[in-house]
Each structure stands twice: as C-alpha cells, then as structure tokens.
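S.K.: One file: final_26.cif (mmCIF, C-alpha atoms).
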```cif
data_input
#
loop_
_atom_site.label_atom_id
_atom_site.label_comp_id
_atom_site.auth_asym_id
_atom_site.auth_seq_id
_atom_site.Cartn_x
_atom_site.Cartn_y
_atom_site.Cartn_z
CA MET A 15 171.70 49.82 107.29
CA ALA A 16 172.18 46.78 105.09
CA GLU A 17 170.85 47.11 101.56
CA GLU A 18 169.11 44.10 100.10
CA PRO A 19 171.16 42.63 97.28
CA GLU A 20 168.95 43.21 94.25
CA SER A 21 169.74 43.76 90.62
CA GLY A 22 168.16 46.73 88.91
CA LEU A 23 165.41 45.40 86.69
CA GLN A 24 162.94 47.52 84.82
CA LEU A 25 160.04 45.74 83.16
CA PRO A 26 159.59 46.67 79.49
CA PRO A 27 156.22 48.44 79.14
CA SER A 28 154.91 45.96 76.57
CA THR A 29 154.75 43.10 79.02
CA VAL A 30 152.53 44.97 81.41
CA ALA A 31 148.80 45.35 80.93
CA ASP A 32 148.13 48.51 82.87
CA GLY A 33 150.65 51.31 82.96
CA ASP A 34 153.97 51.14 84.76
CA GLY A 35 155.26 47.78 85.83
CA PRO A 36 156.71 47.08 89.26
CA THR A 37 160.37 47.97 89.50
CA GLU A 38 162.98 46.42 91.65
CA VAL A 39 164.81 48.46 94.23
CA SER A 40 168.44 48.72 93.11
CA PRO A 41 171.40 49.36 95.40
CA GLY A 42 173.27 51.06 92.59
CA THR A 43 170.72 53.70 91.67
CA VAL A 44 169.58 56.45 93.97
CA THR A 45 165.97 55.93 94.91
CA PRO A 46 164.27 59.16 95.96
CA GLU A 47 162.62 57.62 99.01
CA PRO A 48 164.31 54.53 100.47
CA PRO A 49 161.97 51.73 101.56
CA SER A 50 162.88 51.58 105.23
CA SER A 51 162.80 54.47 107.61
CA ALA A 52 166.53 54.53 108.39
CA ALA A 53 168.04 56.63 105.62
CA VAL A 54 165.82 59.52 104.61
CA SER A 55 166.60 62.59 102.53
CA PRO A 56 167.62 65.55 104.71
CA GLY A 57 164.85 67.77 105.94
CA THR A 58 162.03 65.36 105.31
CA GLU A 59 161.01 62.65 107.64
CA GLU A 60 157.80 61.14 106.44
CA PRO A 61 156.21 58.01 107.83
CA ALA A 62 156.93 55.12 105.49
CA GLY A 63 154.41 54.83 102.71
CA ASP A 64 152.54 58.06 103.29
CA SER A 65 153.19 60.14 100.22
CA LYS A 66 155.41 57.82 98.19
CA LYS A 67 154.04 56.77 94.84
CA LYS A 68 155.36 53.24 95.24
CA ILE A 69 155.12 50.82 98.09
CA ASP A 70 157.31 47.84 98.89
CA ILE A 71 155.91 44.39 98.48
CA LEU A 72 157.50 41.16 99.64
CA LEU A 73 156.30 38.11 97.75
CA LYS A 74 156.36 34.71 99.42
CA ALA A 75 155.57 31.42 97.69
CA VAL A 76 153.25 28.89 99.30
CA GLY A 77 153.51 25.13 98.99
CA ASP A 78 155.08 23.88 95.79
CA THR A 79 154.49 27.12 93.91
CA PRO A 80 157.71 28.23 92.18
CA ILE A 81 159.69 30.77 94.17
CA MET A 82 160.35 34.13 92.53
CA LYS A 83 164.06 34.82 92.20
CA THR A 84 163.36 38.38 93.18
CA LYS A 85 161.01 38.68 96.09
CA LYS A 86 161.06 42.37 96.93
CA TRP A 87 159.39 44.80 94.57
CA ALA A 88 158.52 48.49 94.57
CA VAL A 89 155.01 48.71 93.19
CA GLU A 90 152.83 51.69 92.26
CA ARG A 91 150.10 52.24 94.83
CA THR A 92 147.38 52.13 92.21
CA ARG A 93 148.41 48.74 90.88
CA THR A 94 145.62 46.23 91.32
CA ILE A 95 145.91 42.74 92.71
CA GLN A 96 144.92 41.44 89.27
CA GLY A 97 147.79 43.40 87.76
CA LEU A 98 150.15 41.87 90.30
CA ILE A 99 148.80 38.38 89.60
CA ASP A 100 149.36 38.86 85.85
CA PHE A 101 152.89 40.08 86.53
CA ILE A 102 153.81 37.15 88.77
CA LYS A 103 152.34 34.66 86.29
CA LYS A 104 154.45 36.14 83.50
CA PHE A 105 157.53 36.22 85.70
CA LEU A 106 157.05 32.57 86.68
CA LYS A 107 156.19 31.69 83.08
CA LEU A 108 152.82 30.24 84.06
CA VAL A 109 150.22 29.54 81.40
CA ALA A 110 147.36 32.03 81.24
CA SER A 111 144.88 29.32 82.16
CA GLU A 112 146.77 28.47 85.35
CA GLN A 113 145.35 30.13 88.43
CA LEU A 114 147.30 32.18 90.94
CA PHE A 115 145.95 33.29 94.31
CA ILE A 116 147.31 36.10 96.42
CA TYR A 117 146.79 36.31 100.17
CA VAL A 118 147.26 39.00 102.79
CA ASN A 119 148.15 38.07 106.38
CA GLN A 120 148.05 34.43 105.31
CA SER A 121 144.29 34.66 105.78
CA PHE A 122 142.30 36.38 103.06
CA ALA A 123 142.43 36.84 99.31
CA PRO A 124 141.83 40.48 98.37
CA SER A 125 139.48 41.18 95.47
CA PRO A 126 141.34 41.42 92.12
CA ASP A 127 140.39 45.07 91.64
CA GLN A 128 141.79 46.16 94.99
CA GLU A 129 144.75 48.52 94.88
CA VAL A 130 147.95 47.47 96.63
CA GLY A 131 148.35 50.95 98.12
CA THR A 132 145.18 50.59 100.15
CA LEU A 133 146.18 47.11 101.31
CA TYR A 134 149.56 48.48 102.33
CA GLU A 135 147.94 51.18 104.44
CA CYS A 136 145.77 48.71 106.30
CA PHE A 137 147.98 45.64 106.46
CA GLY A 138 151.54 46.78 105.82
CA SER A 139 154.17 46.55 108.54
CA ASP A 140 157.85 47.47 108.80
CA GLY A 141 157.47 49.55 105.66
CA LYS A 142 156.26 46.73 103.43
CA LEU A 143 153.29 44.63 102.46
CA VAL A 144 153.86 40.89 102.64
CA LEU A 145 151.86 38.88 100.13
CA HIS A 146 151.73 35.11 99.78
CA TYR A 147 151.03 33.65 96.39
CA CYS A 148 149.91 30.15 95.51
CA LYS A 149 148.76 28.16 92.49
CA SER A 150 145.95 26.63 94.53
CA GLN A 151 143.67 28.00 97.20
CA ALA A 152 145.78 28.01 100.34
CA TRP A 153 143.57 29.83 102.82
CA GLY A 154 140.31 29.99 100.91
CA MET B 27 124.29 44.35 120.62
CA THR B 28 120.76 43.29 121.65
CA ASP B 29 119.66 46.94 121.81
CA ASP B 30 120.55 47.28 118.19
CA LYS B 31 118.54 44.23 117.14
CA ASP B 32 115.83 46.35 115.52
CA VAL B 33 118.41 48.30 113.57
CA LEU B 34 120.15 45.10 112.54
CA ARG B 35 116.87 43.66 111.29
CA ASP B 36 116.01 46.84 109.39
CA VAL B 37 119.40 46.79 107.69
CA TRP B 38 119.15 43.09 106.87
CA PHE B 39 115.65 43.25 105.43
CA GLY B 40 116.23 46.39 103.36
CA ARG B 41 114.97 45.88 99.83
CA ILE B 42 115.23 47.79 96.56
CA PRO B 43 112.39 47.43 94.07
CA THR B 44 114.06 46.77 90.74
CA CYS B 45 112.93 46.46 87.13
CA PHE B 46 115.15 44.34 84.90
CA THR B 47 114.90 45.07 81.18
CA LEU B 48 116.71 43.15 78.45
CA TYR B 49 119.18 45.21 76.45
CA GLN B 50 117.56 46.17 73.15
CA ASP B 51 120.36 44.72 70.98
CA GLU B 52 120.09 41.24 72.48
CA ILE B 53 118.67 38.76 69.99
CA THR B 54 115.32 37.33 71.06
CA GLU B 55 112.84 34.97 69.50
CA ARG B 56 109.94 36.99 70.86
CA GLU B 57 109.49 40.12 72.89
CA ALA B 58 111.04 40.08 76.34
CA GLU B 59 108.88 41.47 79.12
CA PRO B 60 110.65 43.34 81.94
CA TYR B 61 111.11 41.41 85.17
CA TYR B 62 110.44 42.91 88.59
CA LEU B 63 112.26 41.88 91.73
CA LEU B 64 112.84 43.13 95.28
CA LEU B 65 116.62 43.02 95.73
CA PRO B 66 118.12 42.56 99.20
CA ARG B 67 120.50 45.43 99.93
CA VAL B 68 122.94 43.23 101.84
CA SER B 69 123.31 40.61 99.11
CA TYR B 70 125.06 40.41 95.73
CA LEU B 71 123.58 40.62 92.24
CA THR B 72 124.83 37.27 90.98
CA LEU B 73 123.44 35.57 94.07
CA VAL B 74 119.85 36.74 93.73
CA THR B 75 119.15 36.96 90.00
CA ASP B 76 118.68 33.34 88.92
CA LYS B 77 115.03 34.13 88.20
CA VAL B 78 116.05 37.07 86.04
CA LYS B 79 118.32 34.82 83.99
CA LYS B 80 115.62 32.16 83.59
CA HIS B 81 113.05 34.75 82.60
CA PHE B 82 115.07 36.23 79.74
CA GLN B 83 116.67 33.01 78.57
CA LYS B 84 113.16 31.72 77.86
CA VAL B 85 112.94 34.09 74.88
CA MET B 86 116.50 33.62 73.64
CA ARG B 87 118.37 30.95 71.76
CA GLN B 88 121.13 29.09 73.58
CA GLU B 89 123.79 30.28 71.12
CA ASP B 90 123.02 33.94 71.87
CA ILE B 91 123.58 33.51 75.60
CA SER B 92 126.85 33.91 77.45
CA GLU B 93 127.57 35.28 80.93
CA MET B 94 124.81 37.57 82.18
CA TRP B 95 125.84 41.03 83.34
CA PHE B 96 124.01 44.15 84.45
CA GLU B 97 124.26 47.79 83.67
CA TYR B 98 122.62 50.96 84.98
CA GLU B 99 122.56 54.01 82.67
CA GLY B 100 125.65 52.80 80.87
CA THR B 101 127.61 51.82 83.98
CA PRO B 102 128.36 48.09 84.28
CA LEU B 103 127.36 46.92 87.76
CA LYS B 104 130.10 45.25 89.77
CA TRP B 105 128.53 42.13 91.23
CA HIS B 106 131.12 42.01 93.99
CA TYR B 107 129.77 45.23 95.49
CA PRO B 108 126.74 44.77 97.77
CA ILE B 109 123.47 45.63 96.02
CA GLY B 110 122.61 48.40 98.47
CA LEU B 111 126.01 50.01 97.83
CA LEU B 112 125.52 49.94 94.06
CA PHE B 113 122.11 51.56 94.41
CA ASP B 114 123.33 54.23 96.84
CA LEU B 115 126.30 55.07 94.63
CA LEU B 116 124.52 55.21 91.31
CA ALA B 117 120.75 55.49 91.61
CA SER B 118 119.68 56.79 95.00
CA SER B 119 118.50 60.12 93.60
CA SER B 120 116.42 58.52 90.87
CA ALA B 121 112.80 57.46 91.16
CA LEU B 122 112.00 53.86 92.00
CA PRO B 123 111.97 51.21 90.69
CA TRP B 124 115.68 50.93 90.00
CA ASN B 125 115.92 50.28 86.26
CA ILE B 126 118.66 47.80 85.44
CA THR B 127 119.52 46.63 81.93
CA VAL B 128 120.37 42.96 81.43
CA HIS B 129 123.05 41.83 78.96
CA PHE B 130 124.09 38.42 77.69
CA LYS B 131 126.74 39.54 75.21
CA SER B 132 129.90 41.66 75.08
CA PHE B 133 130.99 41.12 78.67
CA PRO B 134 132.92 44.28 79.71
CA GLU B 135 136.21 42.64 80.71
CA LYS B 136 137.79 45.91 81.81
CA ASP B 137 134.98 46.86 84.17
CA LEU B 138 133.67 43.66 85.66
CA LEU B 139 134.99 40.55 87.29
CA HIS B 140 133.64 37.27 85.97
CA CYS B 141 131.37 35.32 88.27
CA PRO B 142 131.65 31.67 87.20
CA SER B 143 129.47 30.30 90.00
CA LYS B 144 127.95 30.97 93.40
CA ASP B 145 131.22 29.63 94.86
CA ALA B 146 132.92 32.77 93.55
CA VAL B 147 130.46 34.94 95.46
CA GLU B 148 131.00 32.86 98.59
CA ALA B 149 134.79 33.12 98.26
CA HIS B 150 134.59 36.88 97.81
CA PHE B 151 132.21 37.33 100.73
CA MET B 152 134.28 35.18 103.09
CA SER B 153 137.44 37.04 102.07
CA CYS B 154 135.78 40.33 102.97
CA VAL B 155 134.77 38.95 106.36
CA LYS B 156 138.29 37.67 106.98
CA GLU B 157 139.79 40.97 105.91
CA ALA B 158 137.56 42.82 108.37
CA ASP B 159 138.39 40.41 111.19
CA ALA B 160 142.10 40.86 110.51
CA LEU B 161 141.59 44.47 111.58
CA LYS B 162 139.07 43.86 114.38
CA HIS B 163 140.51 40.80 116.09
CA LYS B 164 143.82 40.09 114.34
CA SER B 165 141.86 37.28 112.64
CA GLN B 166 141.56 35.39 115.95
CA VAL B 167 137.79 35.11 116.00
CA ILE B 168 137.35 34.06 112.38
CA ASN B 169 140.24 31.59 112.59
CA GLU B 170 138.96 29.97 115.78
CA MET B 171 135.63 29.26 114.14
CA GLN B 172 135.03 25.89 112.56
CA LYS B 173 134.45 25.44 108.87
CA LYS B 174 130.78 24.78 109.60
CA ASP B 175 130.48 28.19 111.26
CA HIS B 176 131.88 29.87 108.15
CA LYS B 177 129.42 27.87 106.10
CA GLN B 178 126.54 28.92 108.34
CA LEU B 179 127.48 32.57 107.93
CA TRP B 180 127.44 32.20 104.18
CA MET B 181 124.25 30.14 104.04
CA GLY B 182 122.54 32.70 106.26
CA LEU B 183 123.32 35.39 103.68
CA GLN B 184 122.52 33.20 100.69
CA ASN B 185 119.17 32.07 102.08
CA ASP B 186 118.20 35.38 103.68
CA ARG B 187 118.17 33.90 107.18
CA PHE B 188 118.80 36.71 109.69
CA ASP B 189 119.01 34.53 112.82
CA GLN B 190 121.21 31.93 111.15
CA PHE B 191 123.58 34.66 109.96
CA TRP B 192 123.73 36.64 113.19
CA ALA B 193 124.25 33.55 115.36
CA ILE B 194 127.75 33.54 113.88
CA ASN B 195 128.21 37.19 113.02
CA ARG B 196 127.62 38.34 116.58
CA LYS B 197 130.89 36.65 117.56
CA LEU B 198 132.65 38.74 114.93
CA MET B 199 131.05 41.85 116.39
CA GLU B 200 132.09 41.19 119.99
CA TYR B 201 135.18 42.31 121.82
CA PRO B 202 136.57 41.38 125.27
CA ALA B 203 134.95 43.23 128.17
CA GLU B 204 138.27 44.77 129.22
CA GLU B 205 138.66 46.44 125.85
CA ASN B 206 136.24 49.17 124.91
CA GLY B 207 136.01 48.32 121.27
CA PHE B 208 137.90 46.81 118.38
CA ARG B 209 141.54 47.74 118.01
CA TYR B 210 140.92 48.82 114.46
CA ILE B 211 137.58 49.49 112.85
CA PRO B 212 137.41 48.51 109.18
CA PHE B 213 135.83 51.04 106.86
CA LYS B 214 135.32 50.97 103.15
CA ILE B 215 134.62 54.33 101.60
CA TYR B 216 133.30 54.56 98.07
CA GLN B 217 133.72 57.75 96.12
CA THR B 218 131.11 58.51 93.52
CA GLU B 219 133.40 60.36 91.12
CA THR B 220 135.83 57.54 90.56
CA GLU B 221 133.73 54.67 91.94
CA LYS B 222 136.78 53.28 93.70
CA TRP B 223 136.89 52.37 97.32
CA ARG B 224 139.41 53.30 99.91
CA GLY B 225 139.94 51.11 102.90
CA GLU B 226 140.87 52.67 106.14
CA LYS B 227 141.45 51.41 109.58
CA ILE B 228 140.48 53.62 112.43
CA GLU B 229 142.66 53.35 115.47
CA ARG B 230 140.80 53.54 118.70
CA LYS B 231 142.49 56.02 121.01
CA GLY B 232 141.73 55.75 124.70
CA ASP B 233 138.13 55.13 125.56
CA THR B 234 136.37 56.81 122.73
CA CYS B 235 136.54 56.02 119.11
CA SER B 236 136.47 59.04 116.92
CA THR B 237 135.91 59.25 113.22
CA ALA B 238 137.58 62.64 113.16
CA PRO B 239 140.96 61.30 112.02
CA LEU B 240 139.25 59.53 109.15
CA LEU B 241 137.44 62.65 108.02
CA VAL B 242 140.60 64.71 108.09
CA LYS B 243 142.41 62.13 106.05
CA LEU B 244 139.82 62.27 103.32
CA GLU B 245 139.85 66.04 103.04
CA THR B 246 143.54 66.78 103.19
CA GLY B 247 145.07 63.44 102.30
CA GLN B 248 147.28 63.71 105.38
CA THR B 249 147.42 61.45 108.35
CA VAL B 250 146.44 62.90 111.67
CA ASP B 251 147.77 61.33 114.79
#
```
Represent the structure contained in this file as structure tokens.

M.R.:
Amino acid sequence: MAEEPESGLQLPPSTVADGDGPTEVSPGTVTPEPPSSAAVSPGTEEPAGDSKKKIDILLKAVGDTPIMKTKKWAVERTRTIQGLIDFIKKFLKLVASEQLFIYVNQSFAPSPDQEVGTLYECFGSDGKLVLHYCKSQAWG
Amino acid sequence: MTDDKDVLRDVWFGRIPTCFTLYQDEITEREAEPYYLLLPRVSYLTLVTDKVKKHFQKVMRQEDISEMWFEYEGTPLKWHYPIGLLFDLLASSSALPWNITVHFKSFPEKDLLHCPSKDAVEAHFMSCVKEADALKHKSQVINEMQKKDHKQLWMGLQNDRFDQFWAINRKLMEYPAEENGFRYIPFKIYQTETEKWRGEKIERKGDTCSTAPLLVKLETGQTVD
C-alpha cells in the first residue's frame, strides 16, 4: 500500500492547551497501528479505530481559508473540537480573535466540547474522519 | 406518528419548577429575592432565562455584571445541554423545586461555553438537528428543506409552539414506506460520573431494531456485530 508522504512532526507540549498534541503519521517511524486496514500487526486484526488511542483526521480548507501544509493528522480520541480549532489556528498563525469553524459531512458544526473519537465512530469512513474548516460560517 | 401525539405533547410540555437564587458573593445594592420559574425540559437555559437576568440585574450595578451563568451544588450548568437533561443528570433525586444559583462574575471558562446571544443557541440547536439527520437520512431531509423551514423549527422551540415545531420535525422523523426505520438511529448517552456524552449510531438489522448491541458496547466497550 502507498504510504502518504508526511514528515514526522511532534508538537511541543507548550503550544497545546490540553494534554498531548496531534501528531503526524510518519513513514519513517513504526506506528503501532497503521491508519488503514491493509498492513496490520500479525495476529491482530481489529476494525479500524476500535481500540486505538488515536484516530486519523483529514483536514480540508473551505473557501479562501488558508490550506494546511499537512492535512492528515493522528489525533487522540479524547481531543475536543475546541482543542482542534485552537491547534489549527496556531498552525495557520491566525489571531486569537479570528474565528474558525469546523464541519462534519459538510453539513453540521459539532459542539466545541465534543470529542473527535466519538465523531469518528459515528461519521468516520475509510479509517478516517474528514473535517472541513473555514474562517466563516460555511454551512451554518 | 399520530398515535404518539399524546406522548409527544407530554414530552414537549414537560416543566421543571425551579428556584433561582443569586450567588451570595455577588455585589448587590439591596437584597435579591429568589426568582421562581417553570423551565421547559426541551429548551436551553440561555433561551428561557431573560426574566431571571432582568430580575437580578435590578439590584446590581452595571459594573458588577458580566455574562450570567448557572450552577447547581457547585457544578456549572452547561447551557448547551437541554434543561431536562441537566435536571435528570444532576438533580432528579432531590426535592423540588430545583435550586439553581445564579452568577454574574468569574465565568468558569474551563467548564462552560460562552453564549453571546440567542443566535448561538440557534446555531447549536440546528447543528444538533443536522447531525442527527446525517445519521437518519444521510442529511437528505434537512438539506431539502428551505431556510424558512429551518427557521420555523427553531422558532417553534424558542416560542414554545408545539404545532409549529412538529409541522417541520415530523418530516425529520419519517422514513420511506419501503424501509422499516432509519438506517442509523442517533443516540446521545450521558454518563453521570464523568458528565460526558457518548454518541452512538445504532444500525438497524433486518426488520427489527434492537438496542442490544448498544447495551453490550457500553458494558464491555467492545463492538458487537
């Protein structure tokens, strides 16, 4: 299977408000549970996302919102939408007062205190959760 | 759906007798009397407490007032949870009226979302409806509605108008005759220990819809097929 070309990038803890920051999936390092179902460790075949601590998120920009250089992230299940918003704003170097909206299924904006793990379970497909982000209300 | 009309009305018109008391450390120009209100279970705190705010602000100076927030026995109340849910989670075993403490200072940023206006409540409510329809109808029903239908749904809730609300909501609760139900049934489960919610979607297998897979998942944390 083709690995996505991504550079290993670990967020320094000080830039993140709550706990562990999202980490990128690196082709060089060995990740214990690969994102897609193809290559799995011998002996275990678990449905994607079931007992992993992190889930894969694909971030897509809407309209004239700046595009993230890295779009695919492995994120802790307990990370909240607000935490993700703060992370994206920092990554895009947006001012704190600027708003950022996140949408699921290009239709609804989950509440900021919702955990990405739960959203992944309900709305994830092909082993990932696709989220659209926008500086203005796109589907509000 | 028509058979359930009585149940729907009972749910809609459920009320919780509540006593609002100003937090003792708030600065007042004279004593603040408690304020009594019947809260609709299906609504949201910041939508139905304008009178509470007016009542207490009458005895306070403008400079001592910032965003109003509520607390029950030390727990800040999340306005984005329906009122009935908050009561059931936190106070259902206590005697009525539900005693809520009102604050105008020291907004608990870590526990509560800000509610800048009624538009925020509307946005949150509509997002919840859209999220549910994504599971029930792949968002087809909600997306085919006109903006005015969405508005009617919201106004029905805001103004406590059962018929106005259900004229639109019944479309969200319908499914084609050939199907026997929704493809996925949206659930939100709130746990009292951690006060977090888990969302689940229940897949309908065959003709009957069983909640058994959901129950197993909660107990063992494993998926059952």

S.K.: With only C-alpha atoms as the basis for distance, which of A:Gly141, A:Gly97, A:Pro124, A:Gly77 is at the shortest distance from chain B?

M.R.: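 Closest residue, counting only C-alpha atoms: A:Pro124.
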
S.K.: Report, in Å with one decimal, the straight-line distance from atom CA of B:Val78 to atom CA of A:Ser125.

M.R.: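 Between atom CA of B:Val78 and atom CA of A:Ser125 the gap works out to 25.6 Å.
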
S.K.: What does the PyMOL selection byres ((chain A) within 6 of (chain B)) select in this file, as a VMD selection string?

M.R.: chain A and resid 122 to 123 132

S.K.: For the selection just defined, write its residues with C-alpha atoms to a file, as a tab-separated table (two decimals), in the frame of the given file.

M.R.:
```tsv
chain	number	residue	atom	x	y	z
A	122	PHE	CA	142.30	36.38	103.06
A	123	ALA	CA	142.43	36.84	99.31
A	132	THR	CA	145.18	50.59	100.15
```

S.K.: How would you write as a ChimeraX atom specification the residues that get within 12 Å of (157.3, 36.4, 87.6) in the file's frame, counting only C-alpha atoms?

M.R.: /A:25,29-30,35-36,73-75,79-87,97-109,114,147

S.K.: To one decimal in Å, tell me the separation between atom CA of A:His146 and atom CA of A:Asn119.

M.R.: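 Computing it gives 8.1 Å between the two atoms.
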
S.K.: Have a look at atom CA of B:Pro102 and atom CA of B:Pro134 and let me know their distance in Å, one decimal.

M.R.: 7.5 Å

S.K.: Name all residues at most 9 Å from stretch 45-49 of chain B (count all atoms listed in the file; drop same-chain ones fewer than 2 positions away) and give them as number ranges by chain.

M.R.: B: 43, 51-52, 58-64, 78, 82, 96, 122-130

S.K.: Could you add whatever atoms are missing so that stretch 95-116 of chain A carries N, CA, C and O atoms, then write the result as a short mmCIF file (atom, residue, chain, number, x, y, z; two decimals), keeping the file's coordinate frame?

M.R.:
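Saved the output as result.cif:
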```cif
data_model
loop_
_atom_site.label_atom_id
_atom_site.label_comp_id
_atom_site.auth_asym_id
_atom_site.auth_seq_id
_atom_site.Cartn_x
_atom_site.Cartn_y
_atom_site.Cartn_z
N ILE A 95 145.51 44.11 92.41
CA ILE A 95 145.91 42.74 92.71
C ILE A 95 145.93 41.92 91.41
O ILE A 95 146.84 41.12 91.19
N GLN A 96 144.95 42.16 90.54
CA GLN A 96 144.92 41.44 89.27
C GLN A 96 146.18 41.74 88.46
O GLN A 96 146.77 40.86 87.86
N GLY A 97 146.58 43.00 88.46
CA GLY A 97 147.79 43.40 87.76
C GLY A 97 149.01 42.68 88.32
O GLY A 97 149.89 42.24 87.59
N LEU A 98 149.04 42.55 89.64
CA LEU A 98 150.15 41.87 90.30
C LEU A 98 150.14 40.39 89.95
O LEU A 98 151.18 39.78 89.70
N ILE A 99 148.94 39.80 89.95
CA ILE A 99 148.80 38.38 89.60
C ILE A 99 149.32 38.15 88.18
O ILE A 99 150.10 37.22 87.92
N ASP A 100 148.92 39.00 87.24
CA ASP A 100 149.36 38.86 85.85
C ASP A 100 150.88 38.95 85.77
O ASP A 100 151.53 38.20 85.04
N PHE A 101 151.44 39.89 86.53
CA PHE A 101 152.89 40.08 86.53
C PHE A 101 153.62 38.84 87.05
O PHE A 101 154.58 38.36 86.44
N ILE A 102 153.16 38.33 88.18
CA ILE A 102 153.81 37.15 88.77
C ILE A 102 153.70 35.95 87.84
O ILE A 102 154.66 35.19 87.65
N LYS A 103 152.53 35.78 87.21
CA LYS A 103 152.34 34.66 86.29
C LYS A 103 153.32 34.75 85.13
O LYS A 103 153.90 33.75 84.71
N LYS A 104 153.50 35.96 84.60
CA LYS A 104 154.45 36.14 83.50
C LYS A 104 155.86 35.86 83.97
O LYS A 104 156.64 35.20 83.30
N PHE A 105 156.19 36.38 85.15
CA PHE A 105 157.53 36.22 85.70
C PHE A 105 157.85 34.75 85.92
O PHE A 105 158.96 34.29 85.67
N LEU A 106 156.85 33.99 86.41
CA LEU A 106 157.05 32.57 86.68
C LEU A 106 156.79 31.72 85.45
O LEU A 106 156.87 30.50 85.50
N LYS A 107 156.48 32.37 84.34
CA LYS A 107 156.19 31.69 83.08
C LYS A 107 155.05 30.69 83.23
O LYS A 107 155.10 29.57 82.72
N LEU A 108 154.00 31.09 83.94
CA LEU A 108 152.82 30.24 84.06
C LEU A 108 151.93 30.45 82.85
O LEU A 108 151.91 31.53 82.26
N VAL A 109 151.16 29.42 82.50
CA VAL A 109 150.22 29.54 81.40
C VAL A 109 149.06 30.42 81.85
O VAL A 109 148.71 30.43 83.03
N ALA A 110 148.47 31.12 80.90
CA ALA A 110 147.36 32.03 81.24
C ALA A 110 146.23 31.30 81.95
O ALA A 110 145.57 31.87 82.82
N SER A 111 146.00 30.04 81.58
CA SER A 111 144.88 29.32 82.16
C SER A 111 145.16 28.86 83.59
O SER A 111 144.25 28.51 84.33
N GLU A 112 146.46 28.87 83.98
CA GLU A 112 146.77 28.47 85.35
C GLU A 112 146.33 29.56 86.31
O GLU A 112 146.46 30.74 86.03
N GLN A 113 145.81 29.14 87.46
CA GLN A 113 145.35 30.13 88.43
C GLN A 113 146.46 30.52 89.38
O GLN A 113 147.38 29.74 89.65
N LEU A 114 146.37 31.73 89.90
CA LEU A 114 147.30 32.18 90.94
C LEU A 114 146.49 32.96 91.97
O LEU A 114 145.68 33.81 91.62
N PHE A 115 146.68 32.62 93.23
CA PHE A 115 145.95 33.29 94.31
C PHE A 115 146.93 34.09 95.15
O PHE A 115 148.05 33.65 95.40
N ILE A 116 146.48 35.26 95.56
CA ILE A 116 147.31 36.10 96.42
C ILE A 116 146.61 36.29 97.75
O ILE A 116 145.40 36.54 97.79
#
```
